[in-house]
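Novice: The structure is given below, and queries will be raised subsequently.
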Amino acid sequence: MFDIGDKIVYPMHGAGVIENIETKEILGEERKYFIMRMPIGDMKVMVPVDNADEIGIRYVVENDKLQEVIDVLEGDPTKMPQNWNRRFRFNNDRIKTGDIVEIAAVARNLMILDMEKGLSTGEKKMLNSATEMLYSEMVLASDKSLEEIEDLVKEAVVKNYVPEEEEN
């Protein structure tokens, strides 16, 4: 089980630090919750202790895993469905894994797609969500600030990006 001070990832929400473990009564039922502070937006999230495994709560990756994330961000975009609806589901499934490498791939793909032709409203929200999850874990896994991580991610994505017209 996780303890106060542990850096954890809550899939689909991002990474944070457990500040406390409290018992709360909700709808007449007493349950224990991790009180988690997120580094982005200074938000607090309550995570039911009983459901931690089921939800997929895990420790933040080690600093050395960040190079793999950077490599993914610098890599070529993944082939995605052309239909935006299928693409949305494809990317959403990848985000739901809670795996930082998968989330980095989604962020990279959507950032490049946005540079090339723009994103639908749903995909813009997804990109926001993916980058927030990515940033929150990278901040906690490194000794860098949010601003440094944002710059690092953006620089990595554009590093090897060649607009489609220029590829020939």
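Naming scheme: A, B, ... for chains in displayed order of the structure tokens; residues 1 onward per chain; ligands 1 onward as shown.
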Counting only C-alpha atoms, what is within 10 Å of stretch 33-37 of chain A, bar same-chain residues fewer than 4 positions away, as a PyMOL selection string?
Specialist: chain A and resi 2-10+15-24+41-52
Novice: Atoms to include: N, CA and C atoms. Write the selected residues as an mmCIF file, in the first residue's frame.
Specialist:
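Final output, selection.cif:
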```cif
data_model
loop_
_atom_site.group_PDB
_atom_site.id
_atom_site.type_symbol
_atom_site.label_atom_id
_atom_site.label_comp_id
_atom_site.auth_asym_id
_atom_site.auth_seq_id
_atom_site.Cartn_x
_atom_site.Cartn_y
_atom_site.Cartn_z
ATOM 1 N N PHE A 2 0.310 2.313 -0.504
ATOM 2 C CA PHE A 2 1.026 3.577 -0.587
ATOM 3 C C PHE A 2 0.958 4.313 0.744
ATOM 4 N N ASP A 3 1.941 5.183 0.967
ATOM 5 C CA ASP A 3 2.019 5.937 2.215
ATOM 6 C C ASP A 3 2.080 7.432 1.942
ATOM 7 N N ILE A 4 1.895 8.210 2.992
ATOM 8 C CA ILE A 4 2.014 9.660 2.903
ATOM 9 C C ILE A 4 3.416 9.998 2.388
ATOM 10 N N GLY A 5 3.471 10.913 1.430
ATOM 11 C CA GLY A 5 4.740 11.321 0.836
ATOM 12 C C GLY A 5 5.071 10.595 -0.453
ATOM 13 N N ASP A 6 4.368 9.473 -0.742
ATOM 14 C CA ASP A 6 4.623 8.733 -1.983
ATOM 15 C C ASP A 6 4.149 9.531 -3.187
ATOM 16 N N LYS A 7 4.919 9.455 -4.267
ATOM 17 C CA LYS A 7 4.557 10.073 -5.536
ATOM 18 C C LYS A 7 3.870 8.986 -6.365
ATOM 19 N N ILE A 8 2.600 9.237 -6.707
ATOM 20 C CA ILE A 8 1.824 8.223 -7.416
ATOM 21 C C ILE A 8 1.157 8.812 -8.658
ATOM 22 N N VAL A 9 0.719 7.920 -9.538
ATOM 23 C CA VAL A 9 -0.004 8.302 -10.741
ATOM 24 C C VAL A 9 -1.415 7.749 -10.643
ATOM 25 N N TYR A 10 -2.381 8.605 -10.888
ATOM 26 C CA TYR A 10 -3.790 8.254 -10.935
ATOM 27 C C TYR A 10 -4.168 8.310 -12.417
ATOM 28 N N ALA A 15 -0.238 12.719 -12.079
ATOM 29 C CA ALA A 15 0.591 12.331 -10.944
ATOM 30 C C ALA A 15 0.454 13.348 -9.819
ATOM 31 N N GLY A 16 0.719 12.866 -8.611
ATOM 32 C CA GLY A 16 0.662 13.731 -7.446
ATOM 33 C C GLY A 16 1.357 13.087 -6.265
ATOM 34 N N VAL A 17 1.324 13.777 -5.161
ATOM 35 C CA VAL A 17 1.953 13.305 -3.933
ATOM 36 C C VAL A 17 0.860 13.070 -2.896
ATOM 37 N N ILE A 18 0.927 11.924 -2.222
ATOM 38 C CA ILE A 18 -0.045 11.640 -1.168
ATOM 39 C C ILE A 18 0.292 12.520 0.029
ATOM 40 N N GLU A 19 -0.629 13.417 0.367
ATOM 41 C CA GLU A 19 -0.434 14.319 1.506
ATOM 42 C C GLU A 19 -0.996 13.746 2.790
ATOM 43 N N ASN A 20 -2.028 12.914 2.640
ATOM 44 C CA ASN A 20 -2.687 12.395 3.825
ATOM 45 C C ASN A 20 -3.511 11.167 3.443
ATOM 46 N N ILE A 21 -3.876 10.394 4.443
ATOM 47 C CA ILE A 21 -4.810 9.290 4.264
ATOM 48 C C ILE A 21 -5.913 9.531 5.280
ATOM 49 N N GLU A 22 -7.129 9.774 4.787
ATOM 50 C CA GLU A 22 -8.226 10.158 5.658
ATOM 51 C C GLU A 22 -9.397 9.203 5.510
ATOM 52 N N THR A 23 -10.171 9.098 6.568
ATOM 53 C CA THR A 23 -11.420 8.349 6.516
ATOM 54 C C THR A 23 -12.537 9.359 6.344
ATOM 55 N N LYS A 24 -13.345 9.160 5.334
ATOM 56 C CA LYS A 24 -14.451 10.073 5.038
ATOM 57 C C LYS A 24 -15.735 9.263 4.967
ATOM 58 N N GLY A 41 -1.920 22.997 -11.263
ATOM 59 C CA GLY A 41 -3.182 23.569 -10.830
ATOM 60 C C GLY A 41 -3.397 23.480 -9.330
ATOM 61 N N ASP A 42 -2.416 22.991 -8.601
ATOM 62 C CA ASP A 42 -2.484 22.881 -7.151
ATOM 63 C C ASP A 42 -3.814 22.266 -6.708
ATOM 64 N N MET A 43 -4.205 21.207 -7.412
ATOM 65 C CA MET A 43 -5.475 20.546 -7.161
ATOM 66 C C MET A 43 -5.289 19.385 -6.189
ATOM 67 N N LYS A 44 -6.318 19.120 -5.384
ATOM 68 C CA LYS A 44 -6.310 17.958 -4.501
ATOM 69 C C LYS A 44 -7.313 16.946 -5.033
ATOM 70 N N VAL A 45 -6.939 15.669 -4.971
ATOM 71 C CA VAL A 45 -7.802 14.592 -5.447
ATOM 72 C C VAL A 45 -7.910 13.547 -4.350
ATOM 73 N N MET A 46 -9.118 13.033 -4.152
ATOM 74 C CA MET A 46 -9.335 11.950 -3.198
ATOM 75 C C MET A 46 -9.423 10.640 -3.976
ATOM 76 N N VAL A 47 -8.575 9.690 -3.609
ATOM 77 C CA VAL A 47 -8.553 8.391 -4.277
ATOM 78 C C VAL A 47 -8.915 7.325 -3.251
ATOM 79 N N PRO A 48 -9.974 6.537 -3.506
ATOM 80 C CA PRO A 48 -10.341 5.489 -2.550
ATOM 81 C C PRO A 48 -9.218 4.462 -2.392
ATOM 82 N N VAL A 49 -8.774 4.247 -1.163
ATOM 83 C CA VAL A 49 -7.688 3.305 -0.879
ATOM 84 C C VAL A 49 -8.060 1.899 -1.357
ATOM 85 N N ASP A 50 -9.316 1.490 -1.107
ATOM 86 C CA ASP A 50 -9.769 0.146 -1.487
ATOM 87 C C ASP A 50 -9.675 -0.120 -2.987
ATOM 88 N N ASN A 51 -9.813 0.922 -3.791
ATOM 89 C CA ASN A 51 -9.846 0.758 -5.242
ATOM 90 C C ASN A 51 -8.509 1.050 -5.919
ATOM 91 N N ALA A 52 -7.468 1.309 -5.161
ATOM 92 C CA ALA A 52 -6.192 1.736 -5.739
ATOM 93 C C ALA A 52 -5.683 0.769 -6.812
#
```
Novice: Residues at most 12 Å from A:Lys96, counting only C-alpha atoms, excluding those fewer than 2 positions away in the same chain, as a PyMOL selection string?
Specialist: chain A and resi 9-14+55-57+89-94+98-103+106+126+129-130+133
Novice: Enumerate the residues of chain A with a DSSP assignment of strand (DSSP E or B), computed from the backbone, and present them as number ranges by chain.
Specialist: A: 7-10, 14-26, 29-37, 44-48, 58-59
Novice: Keeping only C-alpha atoms, write the selected residues to a file as an mmCIF file, in the first residue's frame.
Specialist:
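The result, stored in part_5.cif:
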```
data_model
loop_
_atom_site.group_PDB
_atom_site.id
_atom_site.type_symbol
_atom_site.label_atom_id
_atom_site.label_comp_id
_atom_site.auth_asym_id
_atom_site.auth_seq_id
_atom_site.Cartn_x
_atom_site.Cartn_y
_atom_site.Cartn_z
ATOM 1 C CA LYS A 7 4.557 10.073 -5.536
ATOM 2 C CA ILE A 8 1.824 8.223 -7.416
ATOM 3 C CA VAL A 9 -0.004 8.302 -10.741
ATOM 4 C CA TYR A 10 -3.790 8.254 -10.935
ATOM 5 C CA GLY A 14 -2.069 12.562 -13.602
ATOM 6 C CA ALA A 15 0.591 12.331 -10.944
ATOM 7 C CA GLY A 16 0.662 13.731 -7.446
ATOM 8 C CA VAL A 17 1.953 13.305 -3.933
ATOM 9 C CA ILE A 18 -0.045 11.640 -1.168
ATOM 10 C CA GLU A 19 -0.434 14.319 1.506
ATOM 11 C CA ASN A 20 -2.687 12.395 3.825
ATOM 12 C CA ILE A 21 -4.810 9.290 4.264
ATOM 13 C CA GLU A 22 -8.226 10.158 5.658
ATOM 14 C CA THR A 23 -11.420 8.349 6.516
ATOM 15 C CA LYS A 24 -14.451 10.073 5.038
ATOM 16 C CA GLU A 25 -18.126 9.268 5.208
ATOM 17 C CA ILE A 26 -19.708 9.568 1.793
ATOM 18 C CA GLU A 29 -20.380 4.734 3.977
ATOM 19 C CA GLU A 30 -17.019 5.229 5.691
ATOM 20 C CA ARG A 31 -14.017 4.711 3.424
ATOM 21 C CA LYS A 32 -10.322 5.531 3.509
ATOM 22 C CA TYR A 33 -8.973 7.911 0.870
ATOM 23 C CA PHE A 34 -5.540 8.982 -0.278
ATOM 24 C CA ILE A 35 -5.521 12.771 -0.364
ATOM 25 C CA MET A 36 -3.293 13.511 -3.321
ATOM 26 C CA ARG A 37 -1.949 16.945 -4.306
ATOM 27 C CA LYS A 44 -6.310 17.958 -4.501
ATOM 28 C CA VAL A 45 -7.802 14.592 -5.447
ATOM 29 C CA MET A 46 -9.335 11.950 -3.198
ATOM 30 C CA VAL A 47 -8.553 8.391 -4.277
ATOM 31 C CA PRO A 48 -10.341 5.489 -2.550
ATOM 32 C CA ARG A 58 1.114 3.198 -9.493
ATOM 33 C CA TYR A 59 4.307 4.883 -8.383
#
```
Novice: Given only C-alpha atoms as the basis, pick out the residue of A:Ser142, A:Asn128, A:Gly28, A:Ile95 nearest to A:Val61.
Specialist: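 That would be A:Ser142, the residue with the smallest distance to A:Val61.
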